[in-house]
>>> print(open('target_12.cif').read())   # mmCIF, C-alpha atoms
data_run
#
loop_
_atom_site.label_atom_id
_atom_site.label_comp_id
_atom_site.auth_asym_id
_atom_site.auth_seq_id
_atom_site.Cartn_x
_atom_site.Cartn_y
_atom_site.Cartn_z
CA GLY A 1226 296.69 90.20 236.55
CA ALA A 1227 298.82 87.73 238.44
CA GLY A 1228 299.38 84.40 236.81
CA VAL A 1229 299.99 80.98 238.33
CA SER A 1230 302.95 81.03 240.66
CA GLN A 1231 304.99 78.11 241.94
CA SER A 1232 307.61 77.78 244.62
CA PRO A 1233 310.39 77.00 244.91
CA SER A 1234 311.63 77.48 241.37
CA ASN A 1235 314.42 74.98 241.99
CA LYS A 1236 314.75 72.25 244.59
CA VAL A 1237 317.71 69.97 245.12
CA THR A 1238 317.25 67.15 247.59
CA GLU A 1239 318.86 63.91 248.61
CA LYS A 1240 317.38 60.53 247.81
CA GLY A 1241 314.99 59.44 250.54
CA LYS A 1242 314.01 62.94 251.68
CA ASP A 1243 310.49 64.35 251.46
CA VAL A 1244 309.75 67.47 249.41
CA GLU A 1245 306.80 69.86 249.16
CA LEU A 1246 306.05 71.90 246.06
CA ARG A 1247 303.60 74.79 246.17
CA CYS A 1248 301.21 76.21 243.60
CA ASP A 1249 299.20 79.43 243.79
CA PRO A 1250 296.55 79.39 241.05
CA ILE A 1251 294.96 82.38 239.41
CA SER A 1252 292.39 83.89 241.73
CA GLY A 1253 288.89 82.61 241.01
CA HIS A 1254 290.00 79.54 239.08
CA THR A 1255 288.19 76.46 240.34
CA ALA A 1256 290.27 73.84 238.54
CA LEU A 1257 293.90 73.09 239.38
CA TYR A 1258 296.19 70.56 237.72
CA TRP A 1259 299.64 69.15 238.42
CA TYR A 1260 301.79 67.82 235.58
CA ARG A 1261 305.32 66.46 235.44
CA GLN A 1262 307.75 67.15 232.61
CA SER A 1263 310.76 64.89 232.21
CA LEU A 1264 313.09 64.06 229.34
CA GLY A 1265 312.06 60.48 229.05
CA GLN A 1266 308.32 60.78 229.62
CA GLY A 1267 307.36 64.20 228.24
CA LEU A 1268 304.45 65.97 229.92
CA GLU A 1269 302.39 63.71 232.19
CA PHE A 1270 299.25 64.46 234.14
CA LEU A 1271 299.51 63.81 237.88
CA ILE A 1272 296.41 65.06 239.70
CA TYR A 1273 293.42 67.32 239.15
CA PHE A 1274 291.25 69.29 241.57
CA GLN A 1275 287.87 70.71 240.56
CA GLY A 1276 286.01 72.79 243.11
CA ASN A 1277 284.91 70.71 246.10
CA SER A 1278 284.88 67.42 244.21
CA ALA A 1279 287.19 64.56 245.11
CA PRO A 1280 290.46 64.99 243.21
CA ASP A 1281 291.30 62.87 240.20
CA LYS A 1282 294.47 61.10 241.32
CA SER A 1283 294.69 58.73 238.38
CA GLY A 1284 298.02 60.11 237.16
CA LEU A 1285 299.99 59.80 240.39
CA PRO A 1286 302.86 57.37 239.69
CA SER A 1287 303.08 55.86 243.17
CA ASP A 1288 301.73 56.21 246.70
CA ARG A 1289 304.77 58.34 247.54
CA PHE A 1290 303.02 61.18 245.71
CA SER A 1291 300.13 63.10 247.24
CA ALA A 1292 298.58 66.52 246.87
CA GLU A 1293 296.10 68.67 248.67
CA ARG A 1294 294.32 71.87 247.92
CA THR A 1295 293.36 74.02 250.87
CA GLY A 1296 290.39 76.36 250.78
CA GLY A 1297 289.96 75.80 247.06
CA SER A 1298 293.07 77.83 246.33
CA VAL A 1299 296.69 76.98 247.11
CA SER A 1300 297.86 73.45 246.39
CA THR A 1301 300.81 71.47 247.71
CA LEU A 1302 302.31 68.46 245.98
CA THR A 1303 304.25 66.22 248.36
CA ILE A 1304 306.72 63.57 247.33
CA GLN A 1305 307.83 61.25 250.11
CA ARG A 1306 311.07 59.27 250.14
CA THR A 1307 312.22 60.85 246.88
CA GLN A 1308 313.95 58.73 244.27
CA GLN A 1309 316.26 59.79 241.46
CA GLU A 1310 313.56 59.04 238.88
CA ASP A 1311 311.44 61.75 240.52
CA SER A 1312 313.80 64.37 239.08
CA ALA A 1313 311.72 66.46 236.69
CA VAL A 1314 310.02 69.80 236.28
CA TYR A 1315 306.68 69.88 238.09
CA LEU A 1316 304.16 72.18 236.44
CA CYS A 1317 300.97 73.50 237.93
CA ALA A 1318 298.08 74.87 235.88
CA SER A 1319 294.72 76.39 236.69
CA SER A 1320 291.59 77.07 234.69
CA LEU A 1321 288.38 78.95 235.33
CA ASP A 1322 286.46 75.72 235.14
CA GLY A 1323 287.25 72.21 233.99
CA GLY A 1324 286.80 70.62 230.59
CA GLY A 1325 287.93 72.67 227.63
CA ASP A 1326 288.76 75.82 229.50
CA THR A 1327 292.21 77.18 228.85
CA GLN A 1328 294.74 75.95 231.38
CA TYR A 1329 297.23 78.59 232.45
CA PHE A 1330 300.58 77.20 233.50
CA GLY A 1331 303.02 78.32 236.13
CA PRO A 1332 306.79 78.47 235.50
CA GLY A 1333 307.35 75.12 237.20
CA THR A 1334 309.55 73.74 239.94
CA ARG A 1335 312.69 71.94 238.84
CA LEU A 1336 313.31 69.05 241.23
CA THR A 1337 316.69 67.35 241.31
CA VAL A 1338 317.12 64.26 243.46
CA LEU A 1339 320.76 63.39 244.13
CA ALA B 477 291.60 56.79 225.70
CA GLN B 478 293.00 59.94 224.21
CA SER B 479 296.41 60.26 222.63
CA VAL B 480 298.42 62.76 220.63
CA THR B 481 301.17 62.13 218.11
CA GLN B 482 303.48 64.89 217.02
CA LEU B 483 305.46 63.96 213.93
CA GLY B 484 309.03 65.16 214.16
CA SER B 485 310.74 65.84 217.45
CA HIS B 486 312.82 68.55 215.79
CA VAL B 487 311.93 70.84 212.89
CA SER B 488 314.32 73.36 211.41
CA VAL B 489 313.23 76.16 209.07
CA SER B 490 314.84 79.25 207.58
CA GLU B 491 313.76 82.68 208.74
CA GLY B 492 310.84 83.77 206.57
CA ALA B 493 309.90 80.22 205.56
CA LEU B 494 306.65 78.43 206.27
CA VAL B 495 306.33 76.71 209.63
CA LEU B 496 304.37 73.45 209.71
CA LEU B 497 304.20 71.39 212.90
CA ARG B 498 302.14 68.23 212.67
CA CYS B 499 299.73 66.87 215.24
CA ASN B 500 297.39 63.90 215.04
CA TYR B 501 295.04 62.96 217.84
CA SER B 502 292.91 60.06 218.94
CA SER B 503 289.73 60.62 220.91
CA SER B 504 286.54 58.66 221.35
CA VAL B 505 284.45 61.81 221.69
CA PRO B 506 284.65 65.24 220.07
CA PRO B 507 287.91 66.68 221.34
CA TYR B 508 289.16 69.98 222.53
CA LEU B 509 292.59 70.62 220.97
CA PHE B 510 295.35 72.96 222.05
CA TRP B 511 298.76 74.13 220.97
CA TYR B 512 301.12 75.40 223.65
CA VAL B 513 304.60 76.91 223.28
CA GLN B 514 307.40 76.62 225.79
CA TYR B 515 310.40 78.92 225.72
CA PRO B 516 313.57 77.80 227.54
CA ASN B 517 313.17 77.65 231.32
CA GLN B 518 309.61 78.92 231.15
CA GLY B 519 306.16 77.44 231.60
CA LEU B 520 303.70 76.65 228.84
CA GLN B 521 301.90 79.45 227.01
CA LEU B 522 298.71 78.87 225.05
CA LEU B 523 299.01 79.59 221.32
CA LEU B 524 295.49 78.62 220.30
CA LYS B 525 292.67 76.19 220.97
CA TYR B 526 289.85 74.44 219.16
CA THR B 527 286.60 73.85 221.01
CA SER B 528 284.14 72.81 218.28
CA ALA B 529 283.54 76.26 216.79
CA ALA B 530 285.36 77.32 213.59
CA THR B 531 287.69 74.64 212.23
CA LEU B 532 290.37 77.19 211.35
CA VAL B 533 291.68 78.67 214.55
CA LYS B 534 293.88 81.75 214.72
CA GLY B 535 296.20 82.22 217.65
CA ILE B 536 298.86 84.55 218.91
CA ASN B 537 302.08 85.50 217.12
CA GLY B 538 300.62 84.77 213.67
CA PHE B 539 300.06 81.04 214.25
CA GLU B 540 296.97 79.18 213.13
CA ALA B 541 295.76 75.60 213.07
CA GLU B 542 293.07 73.74 211.20
CA PHE B 543 290.95 70.99 212.72
CA LYS B 544 290.37 68.18 210.23
CA LYS B 545 288.10 65.53 211.66
CA SER B 546 288.49 63.17 208.70
CA GLU B 547 292.26 63.18 209.16
CA THR B 548 292.18 63.47 212.98
CA SER B 549 294.72 66.24 212.59
CA PHE B 550 295.34 69.65 214.07
CA HIS B 551 298.51 70.90 212.37
CA LEU B 552 300.04 74.23 213.38
CA THR B 553 301.22 76.68 210.72
CA LYS B 554 302.74 80.11 210.37
CA PRO B 555 303.41 81.68 206.97
CA SER B 556 306.74 83.26 207.83
CA ALA B 557 309.07 82.13 210.61
CA HIS B 558 310.81 84.60 212.90
CA MET B 559 313.88 83.96 215.00
CA SER B 560 311.74 84.53 218.08
CA ASP B 561 309.58 81.50 217.16
CA ALA B 562 312.38 79.12 218.19
CA ALA B 563 310.90 77.12 221.06
CA GLU B 564 309.26 73.81 221.90
CA TYR B 565 305.69 73.31 220.78
CA PHE B 566 303.21 70.92 222.34
CA CYS B 567 299.91 69.70 220.96
CA ALA B 568 297.36 68.55 223.53
CA VAL B 569 293.88 67.06 223.63
CA SER B 570 291.15 66.90 226.21
CA GLU B 571 287.68 65.49 226.00
CA ALA B 572 284.62 67.54 226.78
CA GLY B 573 284.03 67.53 230.48
CA ASN B 574 286.40 67.73 233.35
CA THR B 575 289.46 65.96 232.07
CA PRO B 576 293.14 66.96 232.11
CA LEU B 577 295.24 67.52 229.02
CA VAL B 578 297.02 64.71 227.22
CA PHE B 579 300.14 66.05 225.55
CA GLY B 580 302.20 65.01 222.58
CA LYS B 581 305.95 64.55 223.01
CA GLY B 582 306.63 68.02 221.66
CA THR B 583 308.42 69.43 218.61
CA ARG B 584 311.45 71.65 218.96
CA LEU B 585 311.44 74.38 216.32
CA SER B 586 314.74 75.91 215.25
CA VAL B 587 314.82 78.99 213.02
CA ILE B 588 317.93 79.54 210.93
CA ALA B 589 318.98 83.04 209.91
#
>>> encode(input="target_12.cif", output="structure tokens")
Amino acid sequence: GAGVSQSPSNKVTEKGKDVELRCDPISGHTALYWYRQSLGQGLEFLIYFQGNSAPDKSGLPSDRFSAERTGGSVSTLTIQRTQQEDSAVYLCASSLDGGGDTQYFGPGTRLTVL
Amino acid sequence: AQSVTQLGSHVSVSEGALVLLRCNYSSSVPPYLFWYVQYPNQGLQLLLKYTSAATLVKGINGFEAEFKKSETSFHLTKPSAHMSDAAEYFCAVSEAGNTPLVFGKGTRLSVIA
């Protein structure tokens, strides 16, 4: 079946611009996660959605970062007023349920902020 | 708080040799443990996971890992390395319940012909 998809695969933007990154999870998966992968910081958790519960935003690095998940499916990660340190690969994952279930990862979006 | 330490950012082995990638974790409750592999320009793919069943876990591509509570370790092994095993490997931990993964820094495996 279809896996997790993310778009765009690559995004180049100028410092100060806003960007939106999209994630389509596996159909039927209730949990959705965003992670960031960068050379200096490795893989970091950003935000987690589980069903209709309030999202866990504890990993968001600043208030310039936000995410929403519409209809319990597609999610959008928005970065406002991008900075060069936001350059990274943003990975989305989904799992059937939370806690211990296998997380299936998308291919990621490579963000470059000039 | 959970944490994962992967010893060795880069491991190089000869084709056919044993692969051993080390992972130690810290968790205040019984953990769930995972190994993921990442090939260049691709996402993460699950190799295997431990969720409190058998302590020796077998995964895909001939990899296995053993959970040792006394050593807080979850090392990844493969008896005989193939060229296709060259990739980056990440160990991760999550606690029971709805928590995200905490990853180690990763180990890049090179396989020499």
>>> residues_around(input="target_12.cif", residues="Leu509 (chain B)", least_positions_apart="2", cutoff="6 Å", atoms="all atoms listed in the file", output="ChimeraX atom specification")
/B:525-526,568-569
>>> closest_residue(input="target_12.cif", among="A:Gly1267, A:Gly1297, A:Gly1253, A:Gly1241", to="chain B", atoms="only C-alpha atoms")
A:Gly1267
>>> interface_residues(input="target_12.cif", of="chain A", to="chain B", cutoff="10 Å", atoms="all atoms listed in the file", output="ChimeraX atom specification")
/A:1229,1256-1260,1264-1275,1281,1284,1314-1318,1322-1335
>>> atom_distance(input="target_12.cif", atom1="CA of Cys499 (chain B)", atom2="CA of Lys545 (chain B)")
12.2 Å
>>> residues_around(input="target_12.cif", residues="Lys544 (chain B)", least_positions_apart="6", cutoff="12 Å", atoms="all atoms listed in the file", output="PyMOL selection string")
chain B and resi 499-501+506-507+509+526+528+530-533+550-552
>>> resolve_selection(input="target_12.cif", expression="the PyMOL selection byres ((chain B and resi 557) around 9)", output="PyMOL selection string")
chain B and resi 489-495+554-556+558-562+587
>>> residues_near_point(input="target_12.cif", point="(286.6, 70.3, 247.3)", cutoff="9 Å", atoms="only C-alpha atoms", output="PyMOL selection string")
chain A and resi 1274-1280+1294-1297
>>> residues_near_point(input="target_12.cif", point="(312.4, 58.7, 244.3)", cutoff="9 Å", atoms="all atoms listed in the file", output="list of chain:residue names")
A:Lys1240, A:Gly1241, A:Lys1242, A:Arg1289, A:Ile1304, A:Gln1305, A:Arg1306, A:Thr1307, A:Gln1308, A:Gln1309, A:Glu1310, A:Asp1311, A:Ser1312, A:Val1338
>>> closest_residue(input="target_12.cif", among="A:Leu1339, A:Thr1238, A:Ser1232, A:Cys1248", to="Thr1301 (chain A)", atoms="only C-alpha atoms")
A:Cys1248
>>> resolve_selection(input="target_12.cif", expression="the PyMOL selection byres ((chain B and resi 564) around 7)", output="ChimeraX atom specification")
/B:513-515,563,565-566,582-585
>>> atom_distance(input="target_12.cif", atom1="CA of Ala529 (chain B)", atom2="CA of Ser502 (chain B)")
18.8 Å
>>> axis_aligned_box(input="target_12.cif", around="region 509-514 of chain B", padding_each_side="5 Å", output="JSON")
{"center_x": 300.0, "center_y": 73.8, "center_z": 223.4, "size_x": 24.8, "size_y": 16.3, "size_z": 14.8}
>>> closest_residue(input="target_12.cif", among="A:Ser1234, A:Thr1303, A:Ser1298, A:Val1244", to="Leu1285 (chain A)", atoms="only C-alpha atoms")
A:Thr1303
>>> atom_distance(input="target_12.cif", atom1="CA of Leu1336 (chain A)", atom2="CA of Ser1283 (chain A)")
21.5 Å
>>> closest_residue(input="target_12.cif", among="B:Leu497, B:Ile588, B:Leu523, B:Ile536", to="Thr553 (chain B)", atoms="only C-alpha atoms")
B:Leu497
>>> build_atoms(input="target_12.cif", residues="region 510-533 of chain B", atoms="N, CA, C and O atoms", output="tab-separated table (two decimals), keeping the file's coordinate frame")
chain	number	residue	atom	x	y	z
B	510	PHE	N	294.56	71.80	221.64
B	510	PHE	CA	295.35	72.96	222.05
B	510	PHE	C	296.75	72.86	221.47
B	510	PHE	O	297.30	71.78	221.28
B	511	TRP	N	297.33	74.02	221.22
B	511	TRP	CA	298.76	74.13	220.97
B	511	TRP	C	299.33	75.08	222.02
B	511	TRP	O	298.84	76.18	222.22
B	512	TYR	N	300.40	74.60	222.68
B	512	TYR	CA	301.12	75.40	223.65
B	512	TYR	C	302.56	75.57	223.16
B	512	TYR	O	303.12	74.70	222.48
B	513	VAL	N	303.19	76.67	223.56
B	513	VAL	CA	304.60	76.91	223.28
B	513	VAL	C	305.35	77.05	224.59
B	513	VAL	O	304.80	77.59	225.57
B	514	GLN	N	306.56	76.52	224.59
B	514	GLN	CA	307.40	76.62	225.79
B	514	GLN	C	308.76	77.17	225.39
B	514	GLN	O	309.50	76.52	224.63
B	515	TYR	N	309.08	78.35	225.92
B	515	TYR	CA	310.40	78.92	225.72
B	515	TYR	C	311.33	78.39	226.80
B	515	TYR	O	310.86	77.95	227.86
B	516	PRO	N	312.62	78.39	226.57
B	516	PRO	CA	313.57	77.80	227.54
B	516	PRO	C	313.36	78.31	228.97
B	516	PRO	O	313.21	79.51	229.19
B	517	ASN	N	313.30	77.37	229.88
B	517	ASN	CA	313.17	77.65	231.32
B	517	ASN	C	311.91	78.43	231.66
B	517	ASN	O	311.90	79.18	232.65
B	518	GLN	N	310.89	78.27	230.85
B	518	GLN	CA	309.61	78.92	231.15
B	518	GLN	C	308.49	77.89	231.14
B	518	GLN	O	308.67	76.75	230.72
B	519	GLY	N	307.33	78.31	231.62
B	519	GLY	CA	306.16	77.44	231.60
B	519	GLY	C	305.54	77.41	230.21
B	519	GLY	O	306.08	77.94	229.25
B	520	LEU	N	304.40	76.79	230.11
B	520	LEU	CA	303.70	76.65	228.84
B	520	LEU	C	302.78	77.85	228.62
B	520	LEU	O	302.08	78.29	229.53
B	521	GLN	N	302.76	78.33	227.39
B	521	GLN	CA	301.90	79.45	227.01
B	521	GLN	C	300.96	79.00	225.90
B	521	GLN	O	301.41	78.39	224.92
B	522	LEU	N	299.68	79.28	226.06
B	522	LEU	CA	298.71	78.87	225.05
B	522	LEU	C	298.88	79.67	223.77
B	522	LEU	O	298.93	80.90	223.79
B	523	LEU	N	298.98	78.94	222.64
B	523	LEU	CA	299.01	79.59	221.32
B	523	LEU	C	297.60	79.72	220.77
B	523	LEU	O	297.22	80.77	220.25
B	524	LEU	N	296.86	78.63	220.83
B	524	LEU	CA	295.49	78.62	220.30
B	524	LEU	C	294.79	77.35	220.77
B	524	LEU	O	295.44	76.42	221.24
B	525	LYS	N	293.44	77.37	220.60
B	525	LYS	CA	292.67	76.19	220.97
B	525	LYS	C	291.47	76.03	220.08
B	525	LYS	O	290.92	77.01	219.56
B	526	TYR	N	291.05	74.78	219.91
B	526	TYR	CA	289.85	74.44	219.16
B	526	TYR	C	288.85	73.82	220.12
B	526	TYR	O	289.17	72.86	220.83
B	527	THR	N	287.63	74.40	220.12
B	527	THR	CA	286.60	73.85	221.01
B	527	THR	C	285.27	73.72	220.28
B	527	THR	O	284.24	74.12	220.78
B	528	SER	N	285.31	73.17	219.09
B	528	SER	CA	284.14	72.81	218.28
B	528	SER	C	283.45	74.00	217.62
B	528	SER	O	282.33	73.88	217.18
B	529	ALA	N	284.09	75.12	217.54
B	529	ALA	CA	283.54	76.26	216.79
B	529	ALA	C	284.17	76.21	215.39
B	529	ALA	O	284.14	75.20	214.73
B	530	ALA	N	284.75	77.29	214.92
B	530	ALA	CA	285.36	77.32	213.59
B	530	ALA	C	286.51	76.33	213.51
B	530	ALA	O	287.29	76.19	214.45
B	531	THR	N	286.63	75.64	212.37
B	531	THR	CA	287.69	74.64	212.23
B	531	THR	C	289.05	75.26	212.00
B	531	THR	O	290.07	74.63	212.28
B	532	LEU	N	289.10	76.49	211.50
B	532	LEU	CA	290.37	77.19	211.35
B	532	LEU	C	290.50	78.14	212.53
B	532	LEU	O	289.70	79.07	212.69
B	533	VAL	N	291.50	77.91	213.33
B	533	VAL	CA	291.68	78.67	214.55
B	533	VAL	C	292.91	79.56	214.43
B	533	VAL	O	293.98	79.08	214.06
